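Coordinates as given in upload21.txt (compact mmCIF, C-alpha atoms):
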```
# COMPACT_ATOMS: atom_id res chain seq x y z
CA MET R 1 -130.60 77.71 94.01
CA PHE R 2 -128.45 74.58 94.28
CA GLU R 3 -130.84 72.80 91.91
CA PHE R 4 -130.30 75.56 89.36
CA VAL R 5 -126.50 75.36 89.68
CA LYS R 6 -126.71 71.57 89.34
CA LYS R 7 -128.77 72.01 86.15
CA LEU R 8 -126.16 74.46 84.81
CA MET R 9 -123.35 72.04 85.55
CA LEU R 10 -125.11 69.01 84.06
CA SER R 11 -125.92 70.93 80.87
CA ARG R 12 -122.36 72.32 80.79
CA GLU R 13 -123.67 75.88 80.88
CA ILE R 14 -121.27 76.74 83.73
CA SER R 15 -117.64 75.73 83.96
CA PHE R 16 -114.76 76.47 86.27
CA GLU R 17 -111.32 76.72 84.71
CA ALA R 18 -107.96 77.96 85.92
CA GLY R 19 -108.57 81.62 86.78
CA LYS R 20 -111.95 81.82 85.06
CA ILE R 21 -115.64 80.99 85.40
CA LEU R 22 -117.78 80.64 82.29
CA LEU R 23 -121.56 81.01 82.43
CA LEU R 24 -123.39 80.35 79.16
CA ARG R 25 -119.89 80.35 77.61
CA GLU R 26 -119.27 83.90 78.82
CA PRO R 27 -116.61 84.84 81.39
CA ILE R 28 -118.00 86.12 84.69
CA CYS R 29 -116.35 87.23 87.90
CA LEU R 30 -117.34 86.83 91.50
CA MET R 31 -117.29 90.18 93.23
CA PRO R 32 -118.43 90.87 96.78
CA VAL R 33 -121.73 92.75 96.84
CA ARG R 34 -120.02 95.04 99.37
CA THR R 35 -117.93 96.35 96.44
CA VAL R 36 -121.08 97.23 94.50
CA ALA R 37 -122.67 98.76 97.62
CA ASP R 38 -119.58 100.92 98.11
CA ILE R 39 -119.80 102.10 94.49
CA VAL R 40 -123.48 103.01 95.01
CA MET R 41 -122.63 104.95 98.16
CA ILE R 42 -119.75 106.97 96.67
CA THR R 43 -121.62 107.97 93.52
CA LYS R 44 -123.86 111.01 93.43
CA ASN R 45 -127.46 110.85 92.17
CA LYS R 46 -126.67 111.66 88.53
CA GLN R 47 -123.69 109.31 88.54
CA ARG R 48 -125.90 106.46 89.77
CA ASN R 49 -127.53 106.50 86.34
CA ILE R 50 -124.20 105.16 85.05
CA LEU R 51 -124.82 102.06 87.21
CA TYR R 52 -128.36 101.76 85.83
CA TYR R 53 -127.38 102.16 82.18
CA THR R 54 -124.44 99.78 82.58
CA GLY R 55 -126.80 97.23 84.14
CA LYS R 56 -129.28 97.80 81.31
CA SER R 57 -126.64 97.12 78.67
CA SER R 58 -125.47 94.01 80.50
CA GLY R 59 -129.03 92.81 81.16
CA SER R 60 -129.91 93.17 77.49
CA TYR R 61 -126.76 91.29 76.49
CA TRP R 62 -127.42 88.43 78.93
CA PHE R 63 -131.08 88.08 78.01
CA LYS R 64 -130.15 87.95 74.32
CA LYS R 65 -127.69 85.23 75.25
CA ILE R 66 -130.33 83.31 77.21
CA THR R 67 -132.91 83.59 74.43
CA GLN R 68 -130.38 82.47 71.82
CA ARG R 69 -129.54 79.43 73.92
CA PHE R 70 -133.08 78.44 74.90
CA TYR R 71 -135.75 80.16 72.80
CA SER R 72 -135.04 77.75 69.94
CA LYS R 73 -136.29 75.04 72.28
CA ASN R 74 -139.68 76.82 72.38
CA MET R 75 -139.14 77.92 75.94
CA PRO R 76 -141.92 80.31 77.03
CA ALA R 77 -140.94 83.90 77.85
CA LYS R 78 -141.74 83.42 81.55
CA ASP R 79 -139.31 80.48 81.70
CA ILE R 80 -136.57 82.55 80.08
CA ILE R 81 -137.18 85.28 82.65
CA GLU R 82 -136.94 82.61 85.36
CA TRP R 83 -133.46 81.72 84.06
CA GLY R 84 -132.52 85.38 84.50
CA ASN R 85 -134.03 85.43 87.98
CA ASN R 86 -131.98 82.38 88.94
CA ILE R 87 -128.78 84.01 87.65
CA ILE R 88 -129.59 87.15 89.72
CA ALA R 89 -130.01 84.96 92.83
CA MET R 90 -126.81 83.05 92.06
CA ALA R 91 -124.96 86.37 91.69
CA GLY R 92 -126.10 87.34 95.17
CA TYR R 93 -128.32 90.36 94.43
CA GLY R 94 -131.35 88.83 96.16
CA VAL R 95 -134.38 86.80 95.13
CA SER R 96 -135.82 88.14 91.87
CA VAL R 97 -139.50 87.32 91.34
CA LEU R 98 -141.58 87.93 88.22
CA GLU R 99 -144.88 89.40 89.45
CA LYS R 100 -146.47 90.20 86.09
CA PHE R 101 -145.60 89.70 82.43
CA ASN R 102 -148.07 91.49 80.16
CA GLU R 103 -146.65 91.19 76.67
CA LYS R 104 -149.69 92.83 75.01
CA GLY R 105 -149.83 95.67 77.56
CA LYS R 106 -146.04 95.96 77.36
CA GLU R 107 -145.42 95.93 81.09
CA ILE R 108 -143.39 93.70 83.37
CA LEU R 109 -143.33 93.87 87.16
CA PHE R 110 -140.50 92.42 89.23
CA ARG R 111 -140.02 92.11 92.96
CA LEU R 112 -136.58 91.81 94.56
CA GLU R 113 -136.72 90.12 97.94
CA ASN R 114 -133.79 90.06 100.36
CA SER R 115 -131.92 92.72 98.40
CA THR R 116 -128.32 92.44 99.54
CA MET R 117 -127.75 96.04 98.48
CA CYS R 118 -130.46 97.22 100.88
CA GLU R 119 -129.19 94.95 103.64
CA LEU R 120 -125.64 96.29 103.31
CA ILE R 121 -126.48 99.98 102.94
CA GLY R 122 -129.45 100.15 105.30
CA ARG R 123 -131.93 103.03 105.42
CA SER R 124 -132.02 105.42 102.49
CA LYS R 125 -134.15 108.28 101.23
CA LYS R 126 -133.79 107.04 97.64
CA PRO R 127 -134.05 103.62 95.94
CA LEU R 128 -130.74 101.74 95.82
CA ASP R 129 -130.87 98.82 93.37
CA HIS R 130 -129.62 100.69 90.29
CA ILE R 131 -127.75 97.77 88.69
CA TYR R 132 -130.61 95.31 89.22
CA ARG R 133 -133.02 97.95 87.84
CA GLY R 134 -130.80 98.13 84.77
CA TYR R 135 -130.75 94.33 84.44
CA VAL R 136 -134.55 94.15 84.37
CA ALA R 137 -134.74 97.06 81.90
CA GLY R 138 -132.38 95.14 79.63
CA ALA R 139 -134.44 91.99 80.08
CA GLY R 140 -137.59 93.93 79.18
CA THR R 141 -135.92 95.34 76.07
CA VAL R 142 -135.24 91.80 74.84
CA MET R 143 -138.51 90.24 75.97
CA LEU R 144 -140.81 93.03 74.70
CA GLY R 145 -138.77 93.72 71.56
CA GLU R 146 -138.29 97.46 72.05
CA ASP R 147 -136.20 99.80 74.18
CA CYS R 148 -137.46 99.56 77.75
CA SER R 149 -136.68 101.36 80.97
CA ALA R 150 -137.28 100.40 84.59
CA LEU R 151 -138.26 102.31 87.70
CA GLU R 152 -137.79 101.15 91.27
CA ILE R 153 -141.23 102.02 92.65
CA ALA R 154 -140.68 100.60 96.16
CA CYS R 155 -137.43 100.01 98.06
CA LYS R 156 -136.73 97.99 101.17
CA SER R 157 -134.22 100.61 102.30
CA MET R 158 -137.04 103.16 102.26
CA GLY R 159 -139.26 100.99 104.47
CA ALA R 160 -141.06 98.76 101.94
CA PRO R 161 -141.14 95.00 102.64
CA TYR R 162 -139.21 94.41 99.40
CA CYS R 163 -138.13 96.28 96.28
CA ARG R 164 -140.51 96.52 93.29
CA PHE R 165 -139.76 97.46 89.70
CA VAL R 166 -141.92 98.35 86.73
CA VAL R 167 -140.48 97.77 83.25
CA LYS R 168 -142.05 99.09 80.07
CA PRO R 169 -141.08 100.78 76.80
CA THR R 170 -139.26 104.02 77.58
CA GLY R 171 -141.76 106.13 75.63
CA LEU R 172 -144.63 104.98 77.87
CA PHE R 173 -143.19 106.64 80.98
CA ASP R 174 -144.44 110.12 81.94
CA LYS R 175 -141.30 112.21 81.49
CA LYS R 176 -142.72 114.90 83.80
CA ASN R 177 -142.90 112.45 86.71
CA ILE R 178 -140.17 113.22 89.28
CA LEU R 179 -139.33 109.51 89.76
CA VAL R 180 -138.88 109.10 85.99
CA LYS R 181 -136.67 112.19 85.86
CA GLU R 182 -134.49 111.05 88.77
CA GLN R 183 -134.13 107.38 87.91
CA LEU R 184 -133.79 107.70 84.13
CA GLY R 185 -131.71 110.87 84.26
CA LEU R 186 -134.15 112.91 82.20
```
For the structure just supplied, provide its representation as structure tokens.
Amino acid sequence: MFEFVKKLMLSREISFEAGKILLLREPICLMPVRTVADIVMITKNKQRNILYYTGKSSGSYWFKKITQRFYSKNMPAKDIIEWGNNIIAMAGYGVSVLEKFNEKGKEILFRLENSTMCELIGRSKKPLDHIYRGYVAGAGTVMLGEDCSALEIACKSMGAPYCRFVVKPTGLFDKKNILVKEQLGL
């Protein structure tokens, strides 16, 4: 991660000013993950979709920003996604890994290792990484060129070795599936 931060600093894509941090010329804030974990814990199931949809909006915004900055340099889609993964790691959510990018099949699979949300909250009966799930849905929307959604199909807090997410156009999800209903608020 230090190599990524060094690259950001050398290319002047991150700067530290009095009372502000700019990343890709956008203001960001450092917030303890504990704060986010507390928000997840105090929200009810339906309210957690607010976290997801907020993350989706933000993820879409940031991936548009990344593509505007780097796509003109003919950067492949997988490299742009890697920039997003590095930003996720730098933000402290965990280690985001692209498992599969199938542009023709319109499906992206991500894995989140060392999820700080899962580490802080512990065991759960339901998936926990709502904001990250939103981020990857937003990324998919930009990278696949149509409105995408994301499901957390495995969660470390539920006993899986890591969290896994499937991203694809919203219309391709089975709206009768209980996981789709719960996680997308349908």
Write out as CSV a residue-level contact list of range 114-184 of chain R versus range 73-95 of chain R with cut-off 10 Å: for each qualifying residue the closest pair of atoms and the distance in Å to one decimal, counting only C-alpha atoms, rows sorted by chain and residue number upward.
```
residue,atom,partner,partner_atom,distance
R:Asn114,CA,R:Gly94,CA,5.0
R:Ser115,CA,R:Gly94,CA,4.5
R:Thr116,CA,R:Tyr93,CA,5.5
R:Met117,CA,R:Tyr93,CA,7.0
R:Cys118,CA,R:Tyr93,CA,9.7
R:Glu119,CA,R:Gly94,CA,9.9
R:Asp129,CA,R:Tyr93,CA,8.9
R:Ile131,CA,R:Tyr93,CA,9.4
R:Tyr132,CA,R:Tyr93,CA,7.5
R:Tyr135,CA,R:Ile88,CA,9.0
R:Val136,CA,R:Gly84,CA,9.0
R:Ala139,CA,R:Ile81,CA,7.7
R:Gly140,CA,R:Ile81,CA,9.3
R:Met143,CA,R:Ala77,CA,7.0
R:Leu144,CA,R:Ala77,CA,9.7
R:Tyr162,CA,R:Val95,CA,10.0
```
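Proximity ranking of R:Val142, R:Ile121, R:Val36, R:Leu112 relative to Arg164 in chain R places R:Leu112 first, based on only C-alpha atoms.
One distance worth recording is that between CA of Gly171 in chain R and CA of Leu151 in chain R, which is 13.1 Å.
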Rounded to one decimal, what separation in Å do you get between CA of Ala18 in chain R and CA of Pro32 in chain R? 19.9 Å
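Put simply, CA of Glu103 in chain R is 9.8 Å away from CA of Lys168 in chain R.
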If I wrap all listed atoms of range 162-180 of chain R in a box with edges along x, y and z and add 6 Å on each side, what are its centre and edge lengths in Å to one decimal, as JSON?
```
{"center_x": -141.4, "center_y": 104.7, "center_z": 87.5, "size_x": 18.5, "size_y": 32.5, "size_z": 35.8}
```
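Distances here use all atoms listed in the file; by that measure, the residue among R:His130, R:Val167, R:Ile50, R:Ser60 closest to Gly105 in chain R is R:Val167.
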